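**Q** What follows is run12.txt, made up of compact mmCIF, C-alpha atoms:
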```
# COMPACT_ATOMS: atom_id res chain seq x y z
CA MET C 1 135.74 95.95 92.84
CA GLU C 2 135.15 92.66 91.00
CA ARG C 3 131.47 93.49 90.78
CA ARG C 4 132.24 96.85 89.17
CA VAL C 5 134.41 95.13 86.55
CA ILE C 6 131.70 92.57 85.73
CA ALA C 7 129.07 95.37 85.65
CA THR C 8 131.23 97.33 83.20
CA VAL C 9 131.73 94.27 80.98
CA LEU C 10 127.99 93.57 80.99
CA LEU C 11 127.22 97.22 80.21
CA MET C 12 129.64 97.14 77.26
CA PHE C 13 128.03 93.92 76.06
CA GLY C 14 124.59 95.53 76.34
CA LEU C 15 125.70 98.62 74.44
CA THR C 16 127.28 96.50 71.70
CA SER C 17 124.05 94.49 71.40
CA LEU C 18 122.07 97.72 71.14
CA ALA C 19 124.39 99.12 68.48
CA LEU C 20 124.19 95.87 66.50
CA ALA C 21 120.39 95.77 66.88
CA ILE C 22 120.14 99.29 65.46
CA TYR C 23 122.62 98.45 62.68
CA LEU C 24 120.63 95.32 61.76
CA ASN C 25 117.37 97.29 61.95
CA GLN C 26 115.82 95.10 64.65
CA LEU C 27 113.74 98.07 65.84
CA GLY C 28 111.75 97.64 62.63
CA LEU C 29 110.87 94.08 63.69
CA LEU C 30 109.23 95.15 66.94
CA ASP C 31 105.74 95.50 65.41
CA GLU C 32 105.96 92.00 63.99
CA ILE C 33 107.25 90.49 67.26
CA THR C 34 104.58 92.25 69.33
CA ALA C 35 101.89 90.91 66.96
CA LEU C 36 103.35 87.40 67.27
CA LEU C 37 103.38 87.70 71.06
CA PHE C 38 99.75 88.80 71.21
CA ASN C 39 98.82 85.79 69.08
CA VAL C 40 100.63 83.51 71.54
CA GLY C 41 98.43 84.96 74.28
CA LYS C 42 95.23 83.93 72.48
CA THR C 43 93.49 80.54 72.47
CA SER C 44 90.56 80.32 70.03
CA LEU C 45 87.23 79.21 71.39
CA PRO C 46 85.19 76.76 69.26
CA MET L 1 108.92 99.66 125.55
CA ALA L 2 111.50 100.07 122.81
CA LYS L 3 108.81 99.43 120.22
CA LYS L 4 106.61 102.13 121.76
CA ARG L 5 109.48 104.60 121.69
CA VAL L 6 110.13 103.88 118.03
CA ARG L 7 106.45 104.34 117.18
CA LYS L 8 106.37 107.69 118.97
CA GLU L 9 109.51 108.86 117.18
CA GLY L 10 108.01 107.66 113.92
CA LYS L 11 104.87 109.71 114.49
CA ALA L 12 106.91 112.79 115.35
CA LYS L 13 108.73 112.56 112.02
CA LYS L 14 105.45 112.16 110.10
CA ILE L 15 106.32 108.84 108.48
CA PRO L 16 102.83 108.18 107.16
CA LYS L 17 102.96 111.36 105.05
CA LYS L 18 106.34 110.45 103.58
CA ARG L 19 105.17 106.91 103.00
CA LEU L 20 102.26 108.25 101.02
CA LYS L 21 104.67 110.36 98.97
CA LEU L 22 106.94 107.49 97.89
CA ARG L 23 104.17 104.95 97.45
CA LEU L 24 102.15 107.47 95.46
CA LEU L 25 105.11 108.09 93.20
CA ARG L 26 105.56 104.36 92.60
CA LEU L 27 101.82 103.91 92.07
CA LEU L 28 101.85 106.69 89.47
CA SER L 29 104.77 105.09 87.66
CA GLN L 30 103.10 101.65 87.67
CA LEU L 31 99.79 103.14 86.49
CA SER L 32 101.48 105.03 83.62
CA PHE L 33 103.19 101.88 82.36
CA LEU L 34 100.00 99.84 82.73
CA SER L 35 98.18 102.48 80.62
CA LEU L 36 100.90 102.31 77.95
CA PHE L 37 100.69 98.53 77.96
CA LEU L 38 96.88 98.55 77.67
CA LEU L 39 97.00 101.15 74.86
CA ALA L 40 99.37 98.92 72.90
CA LEU L 41 97.11 95.93 73.60
CA VAL L 42 94.02 97.60 72.15
CA ASN L 43 95.96 97.99 68.91
CA MET L 44 96.89 101.62 69.28
CA ALA L 45 100.45 100.81 68.24
CA PRO L 46 99.93 101.50 64.51
CA LEU L 47 98.60 104.98 65.40
CA MET L 48 101.33 105.70 67.95
CA PRO L 49 104.45 103.72 66.98
CA TRP L 50 106.36 104.96 70.04
CA LEU L 51 104.02 102.80 72.17
CA VAL L 52 105.73 99.65 70.96
CA LEU L 53 109.08 100.66 72.43
CA PRO L 54 108.25 100.83 76.15
CA VAL L 55 105.98 97.81 75.86
CA SER L 56 108.30 95.58 73.86
CA THR L 57 111.39 96.81 75.60
CA PRO L 58 112.05 96.45 78.42
CA TYR L 59 108.76 95.11 79.87
CA SER L 60 108.21 92.36 77.33
CA ALA L 61 111.91 91.89 76.70
CA PHE L 62 111.87 88.31 77.91
CA SER L 63 108.85 87.41 75.77
CA SER L 64 110.47 89.11 72.76
CA PHE L 65 113.66 87.19 73.55
CA GLN L 66 111.80 83.85 73.29
CA THR L 67 109.84 84.89 70.19
CA MET L 68 112.95 86.05 68.35
CA LEU L 69 114.75 82.80 69.14
CA SER L 70 111.85 80.78 67.73
CA THR L 71 111.93 82.73 64.44
CA PRO L 72 115.11 82.41 64.63
CA ILE L 73 116.61 85.90 64.92
CA LEU L 74 119.49 86.76 67.23
CA PRO L 75 117.68 88.55 70.11
CA LEU L 76 120.01 91.54 70.26
CA LEU L 77 117.46 94.17 71.22
CA PRO L 78 115.92 92.25 74.17
CA THR L 79 119.43 91.28 75.37
CA ALA L 80 120.53 94.92 75.25
CA SER L 81 117.36 96.04 76.97
CA ILE L 82 117.63 93.51 79.81
CA LEU L 83 121.36 94.09 80.34
CA LEU L 84 121.35 97.88 80.22
CA PHE L 85 118.25 98.27 82.35
CA THR L 86 119.29 95.79 85.05
CA ILE L 87 122.93 96.85 85.30
CA LEU L 88 121.98 100.52 85.56
CA LEU L 89 118.79 100.30 87.62
CA GLY L 90 118.70 96.82 89.14
CA ARG L 91 115.32 95.16 89.49
CA SER L 92 113.51 98.50 89.72
CA LEU L 93 111.60 97.40 86.60
CA CYS L 94 109.80 94.84 88.81
CA GLY L 95 108.96 97.45 91.42
CA TRP L 96 108.18 100.50 89.32
CA VAL L 97 107.18 99.33 85.80
CA CYS L 98 105.86 95.75 85.61
CA PRO L 99 102.02 95.63 85.22
CA SER L 100 101.75 92.18 86.82
CA GLY L 101 103.77 93.47 89.80
CA PHE L 102 101.29 96.32 90.05
CA ILE L 103 98.34 93.89 90.02
CA GLN L 104 100.01 91.90 92.80
CA ASP L 105 100.62 95.08 94.83
CA ILE L 106 96.94 96.02 94.55
CA LEU L 107 95.79 92.48 95.39
CA SER L 108 98.03 92.32 98.46
CA GLU L 109 96.13 95.33 99.88
CA VAL L 110 92.90 93.24 99.99
CA LYS L 111 94.02 91.42 103.12
CA ARG L 112 95.64 93.32 105.95
CA LYS L 113 97.30 90.27 107.54
CA HIS L 114 99.24 88.12 105.12
CA THR L 115 100.08 84.42 105.28
CA THR L 116 103.53 83.75 106.70
CA ILE L 117 105.70 81.37 104.70
CA THR L 118 108.44 79.84 106.86
CA PRO L 119 112.03 80.81 105.97
CA GLU L 120 112.85 77.19 105.05
CA THR L 121 109.92 76.90 102.63
CA HIS L 122 110.70 80.36 101.24
CA SER L 123 114.35 79.55 100.64
CA TRP L 124 113.62 76.44 98.54
CA MET L 125 110.53 77.87 96.83
CA LYS L 126 112.40 80.90 95.48
CA ASN L 127 114.56 78.49 93.46
CA ILE L 128 111.52 77.42 91.39
CA LYS L 129 111.78 80.56 89.25
CA TYR L 130 115.40 79.70 88.35
CA LEU L 131 114.29 76.21 87.28
CA ILE L 132 111.54 77.73 85.09
CA LEU L 133 114.08 80.16 83.59
CA GLY L 134 116.50 77.30 82.88
CA ALA L 135 113.80 75.19 81.21
CA ILE L 136 112.67 78.12 79.01
CA LEU L 137 116.21 79.00 77.97
CA LEU L 138 116.92 75.34 77.18
CA VAL L 139 113.83 74.99 74.98
CA SER L 140 114.22 78.37 73.22
CA CYS L 141 117.99 78.10 72.62
CA SER L 142 117.85 74.48 71.43
CA LEU L 143 114.99 75.37 69.06
CA ALA L 144 116.92 78.37 67.69
CA LEU L 145 120.02 76.23 67.18
CA SER L 146 118.13 73.42 65.41
CA LEU L 147 116.29 75.93 63.18
CA THR L 148 119.58 77.63 62.29
CA LEU L 149 121.04 74.24 61.35
CA GLY L 150 118.02 73.60 59.13
CA MET L 151 116.58 70.65 61.04
CA GLY L 152 114.29 72.39 63.50
CA ASP L 153 110.89 72.01 61.83
CA PRO L 154 109.95 68.62 63.41
CA TYR L 155 111.14 69.94 66.78
CA LYS L 156 109.03 73.09 66.33
CA ARG L 157 105.98 70.98 65.40
CA ALA L 158 106.55 68.74 68.43
CA LEU L 159 106.66 71.76 70.74
CA GLY L 160 103.25 72.86 69.44
CA VAL L 161 101.85 75.87 71.29
CA PHE L 162 105.08 76.21 73.27
CA SER L 163 107.23 76.75 70.18
CA THR L 164 106.90 80.55 69.89
CA ALA L 165 107.26 81.69 73.49
CA PRO L 166 107.15 78.87 76.08
CA TYR L 167 106.61 81.09 79.11
CA THR L 168 104.21 83.59 77.55
CA THR L 169 101.98 80.69 76.48
CA LEU L 170 101.29 79.84 80.13
CA SER L 171 101.96 83.15 81.87
CA PRO L 172 99.13 84.60 83.97
CA GLU L 173 99.92 88.05 82.54
CA ALA L 174 99.09 86.88 79.01
CA THR L 175 95.93 85.19 80.31
CA ILE L 176 94.74 88.29 82.18
CA PHE L 177 95.67 90.87 79.56
CA ILE L 178 95.11 88.93 76.32
CA LEU L 179 93.28 85.60 76.69
CA ILE L 180 90.40 86.72 78.94
CA PRO L 181 89.59 89.99 77.06
CA GLU L 182 89.87 88.17 73.70
CA SER L 183 87.61 85.33 74.88
CA VAL L 184 85.01 87.79 76.20
CA LYS L 185 85.10 89.60 72.84
CA GLN L 186 84.70 86.29 70.99
CA LEU L 187 81.84 85.29 73.27
CA GLN L 188 80.06 88.63 72.68
CA GLN L 189 80.36 88.21 68.91
CA TRP L 190 79.10 84.66 69.14
CA MET L 191 76.15 85.68 71.36
CA ALA L 192 75.23 88.41 68.87
CA THR L 193 75.13 86.05 65.90
CA SER L 194 73.81 82.80 67.46
CA PRO L 195 70.34 82.34 68.91
CA LEU L 196 69.87 80.91 72.41
CA ILE L 197 70.94 77.28 72.61
CA PRO L 198 69.77 74.46 74.89
CA LEU L 199 71.87 73.39 77.88
CA GLU L 200 72.97 70.06 76.33
CA GLN L 201 74.52 71.86 73.36
CA LEU L 202 76.20 74.36 75.67
CA TRP L 203 77.82 71.47 77.51
CA ALA L 204 79.06 70.04 74.19
CA ILE L 205 80.62 73.41 73.34
CA ILE L 206 82.31 73.66 76.76
CA ILE L 207 83.85 70.21 76.21
CA GLN L 208 85.18 71.34 72.80
CA ILE L 209 87.22 74.15 74.38
CA PRO L 210 90.86 72.95 74.48
CA PRO L 211 91.98 71.80 77.97
CA PHE L 212 94.93 74.15 77.61
CA PHE L 213 92.47 77.06 77.98
CA TYR L 214 91.39 75.78 81.41
CA VAL L 215 95.01 75.17 82.47
CA ARG L 216 95.76 78.81 81.72
CA LEU L 217 92.70 79.96 83.66
CA VAL L 218 93.77 77.86 86.67
CA ILE L 219 97.28 79.37 86.60
CA ALA L 220 95.81 82.89 86.44
CA ALA L 221 93.45 82.05 89.32
CA VAL L 222 96.39 80.78 91.42
CA PHE L 223 98.27 84.00 90.58
CA ILE L 224 95.34 86.16 91.75
CA VAL L 225 94.41 84.22 94.89
CA ALA L 226 98.02 83.67 96.04
CA SER L 227 98.83 87.38 95.57
CA VAL L 228 96.09 88.26 98.07
CA TYR L 229 97.67 86.04 100.73
CA VAL L 230 101.39 86.43 99.93
CA PRO L 231 102.62 89.81 98.59
CA ARG L 232 104.46 89.50 95.27
CA PHE L 233 103.90 85.73 95.25
CA TRP L 234 104.54 85.31 91.50
CA CYS L 235 107.62 87.55 91.50
CA LEU L 236 109.11 85.69 94.46
CA TYR L 237 108.61 82.12 93.31
CA PHE L 238 107.63 81.78 89.64
CA CYS L 239 108.58 84.74 87.40
CA PRO L 240 111.46 83.77 85.06
CA MET L 241 112.04 87.40 84.05
CA GLY L 242 112.46 88.17 87.75
CA ALA L 243 114.92 85.26 87.99
CA LEU L 244 116.95 86.58 85.06
CA MET L 245 117.05 90.06 86.57
CA ALA L 246 117.86 88.60 90.02
CA VAL L 247 120.99 86.96 88.57
CA LEU L 248 122.10 90.29 87.05
CA ASN L 249 121.01 92.37 90.06
CA GLY L 250 124.14 91.36 91.96
CA PHE L 251 126.16 93.51 89.53
CA SER L 252 123.74 96.44 89.42
CA LEU L 253 125.07 99.97 89.90
CA LEU L 254 121.92 100.92 91.80
CA GLY L 255 121.59 99.45 95.27
CA MET L 256 120.55 100.37 98.78
CA ARG L 257 122.65 101.76 101.63
CA ARG L 258 121.96 101.44 105.36
CA ASP L 259 123.42 104.16 107.56
CA ILE L 260 124.66 102.26 110.63
CA THR L 261 124.95 105.44 112.69
CA LYS L 262 121.18 105.95 112.37
CA CYS L 263 119.99 102.32 112.25
CA THR L 264 118.56 101.05 115.55
CA ARG L 265 117.75 97.57 114.15
CA VAL L 266 114.02 97.75 114.93
CA ARG L 267 113.39 95.49 111.91
CA ALA L 268 110.66 97.75 110.51
CA CYS L 269 112.32 97.56 107.07
CA VAL L 270 112.54 93.74 107.14
CA GLU L 271 108.89 93.43 108.14
CA LYS L 272 107.75 95.86 105.44
CA CYS L 273 109.80 94.37 102.57
CA PRO L 274 107.43 92.56 100.13
CA MET L 275 110.36 90.55 98.70
CA ARG L 276 111.47 89.31 102.14
CA VAL L 277 115.00 90.70 101.86
CA ARG L 278 116.95 90.28 105.12
CA ILE L 279 118.22 93.85 105.04
CA LEU L 280 119.88 93.79 108.48
CA ASP L 281 122.03 90.76 107.55
CA LEU L 282 123.42 92.43 104.40
CA PRO L 283 126.50 94.69 104.14
CA TRP L 284 125.52 98.22 105.17
CA GLU L 285 127.70 100.15 102.66
CA LYS L 286 125.72 98.90 99.69
CA PHE L 287 123.52 95.92 99.15
CA ASN L 288 122.15 94.43 95.96
CA ASP L 289 120.10 91.47 97.11
CA PRO L 290 118.88 89.40 94.11
CA GLU L 291 115.28 89.81 95.31
CA CYS L 292 115.40 93.59 95.97
CA THR L 293 113.12 95.46 93.53
CA ILE L 294 114.09 98.96 94.81
CA CYS L 295 110.42 99.53 95.73
CA LEU L 296 111.64 101.77 98.59
CA ASP L 297 109.00 100.45 101.01
CA CYS L 298 111.89 99.95 103.47
CA VAL L 299 112.81 103.64 103.17
CA ASP L 300 109.25 104.55 104.12
CA ALA L 301 109.14 102.05 106.97
CA CYS L 302 112.40 103.11 108.62
CA PRO L 303 111.64 105.46 111.54
CA LYS L 304 115.25 106.69 111.58
CA LYS L 305 115.57 107.29 107.81
CA ALA L 306 118.62 105.05 107.80
CA LEU L 307 117.98 103.57 104.34
CA LYS L 308 118.44 105.25 100.99
CA PRO L 309 119.22 104.27 97.40
CA ASN L 310 122.88 104.26 96.42
CA PHE L 311 124.26 104.86 92.92
CA PRO L 312 126.71 103.76 91.53
```
What do you get writing this file as structure tokens?
**A**
Amino acid sequence: MERRVIATVLLMFGLTSLALAIYLNQLGLLDEITALLFNVGKTSLP
Amino acid sequence: MAKKRVRKEGKAKKIPKKRLKLRLLRLLSQLSFLSLFLLALVNMAPLMPWLVLPVSTPYSAFSSFQTMLSTPILPLLPTASILLFTILLGRSLCGWVCPSGFIQDILSEVKRKHTTITPETHSWMKNIKYLILGAILLVSCSLALSLTLGMGDPYKRALGVFSTAPYTTLSPEATIFILIPESVKQLQQWMATSPLIPLEQLWAIIIQIPPFFYVRLVIAAVFIVASVYVPRFWCLYFCPMGALMAVLNGFSLLGMRRDITKCTRVRACVEKCPMRVRILDLPWEKFNDPECTICLDCVDACPKKALKPNFP
């Protein structure tokens, strides 16, 4: 029972985060973040 | 005698065929996500913008989480992705989506007999991933806080290569999928433009390569070799994303159920489980072990078909 309550709270938190992310247009940042991440993965050779 | 009886019953119910069915399904899922990931890596994202979504979220959610904190932007999208996915589907992302999990699954097939890690060693080693997760969260959150307060630049400079995404910088996934292909590409370009050089100069060039490059190669080598001997070695002991999902998995709506009227406790499920979940010691109605990736190998292994997924 307790687990269900915590799961529901976490789900609501997740949904609120998603709604806020869409409202703040964070989906538009994904390209930029992916590019940044790929740069982190690289180490330049001399 | 009992074992023989179970084997015979298993053969009568055609377990190998069913096993092939479920494993094939999982293999197909893992292959599809690996293809998506590789397509995004070879810069197909600008042509197919939808590619970014499954790759950035949820697979790279943890990396995006760290990157956004270092910018600093409130990581709402990765948080939503991790929470919604794990609460609804548990750690099935590790079993059915993750490309590095897929690599480990393939590598574990190389050797038929795997190395046995004692339960004592296993129980303390699986805490390493929580320590890594804690360290990453500490670095990323403190950096985000200091940058928000306007005094984070010296801290960011001091962190150096670890400032953008501390885990991704060292992760074997980034080394295998980004560093090695990029280095090979660089080497090919360099070979095309430069004439042959004497050995002494080659040695000088090798010395110039940052030591960090070799550290990353060693970590990737450990990842590959260990996965051959211990199935899902990285997921079990070192993956911080796995640790984060393991914490949330306890509250997941998707779990497993063991039918006690069918279960004969032959331990086939426990022996088959790549994540070493002690299925028979868990509550039968529904269990959400932190390590369970819902790979359903236990469902295949059970000769009595006593295990099945349970939602919600």
**Q** With the cut-off set at 6 Å and counting all atoms listed in the file, tabulate each residue of chain L with an atom at most that distance from an atom of chain C, showing the nearest atom pair and its distance in Å to one decimal, ordered by chain and increasing number, as a Markdown table.
**A**
```
| residue | atom | partner | partner_atom | distance |
| --- | --- | --- | --- | --- |
| L:Leu76 | CA | C:Ser17 | CA | 5.1 |
| L:Leu77 | CA | C:Ala21 | CA | 5.5 |
| L:Ala80 | CA | C:Gly14 | CA | 4.2 |
| L:Leu83 | CA | C:Gly14 | CA | 5.3 |
| L:Leu84 | CA | C:Gly14 | CA | 5.6 |
| L:Thr169 | CA | C:Val40 | CA | 5.8 |
| L:Ala174 | CA | C:Gly41 | CA | 5.1 |
| L:Ile178 | CA | C:Gly41 | CA | 5.6 |
| L:Leu179 | CA | C:Lys42 | CA | 4.9 |
| L:Ile209 | CA | C:Leu45 | CA | 5.9 |
| L:Phe251 | CA | C:Ala7 | CA | 5.2 |
```
**Q** Atom CA of Ser81 of chain L and atom CA of Cys98 of chain L are how many Å apart?
**A**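 One can read the atom CA of Ser81 of chain L to atom CA of Cys98 of chain L distance as 14.4 Å.
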**Q** Please compute the atom CA of Phe37 of chain L-atom CA of Gly101 of chain L distance, one decimal, in Å.
**A** 13.2 Å
**Q** With only C-alpha atoms as the atoms that count, which of L:Ile128, L:Val277, L:Met256, L:Ile176 lies nearest to Ile224 of chain L?
**A** L:Ile176
**Q** List the spatial neighbours of Val270 of chain L as a list of chain:residue names - criterion: any atom at most 12 Å away, only C-alpha atoms, same-chain residues fewer than 4 positions off excluded.
**A**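 Using only C-alpha atoms, the neighbours found are L:Arg265, L:Val266, L:Pro274, L:Met275, L:Arg276, L:Val277, L:Arg278, L:Ile279, L:Leu280, L:Asp281, L:Leu282, L:Cys292, L:Leu296, L:Asp297, L:Cys298, L:Val299, L:Asp300, L:Ala301, L:Cys302, L:Leu307.
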**Q** Just checking: using all atoms listed in the file, which residue out of L:Leu27, L:Tyr237, L:Pro231, L:Lys308 ends up closest to Arg112 of chain L?
**A**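 Using all atoms listed in the file, the shortest distance to Arg112 of chain L belongs to L:Pro231.
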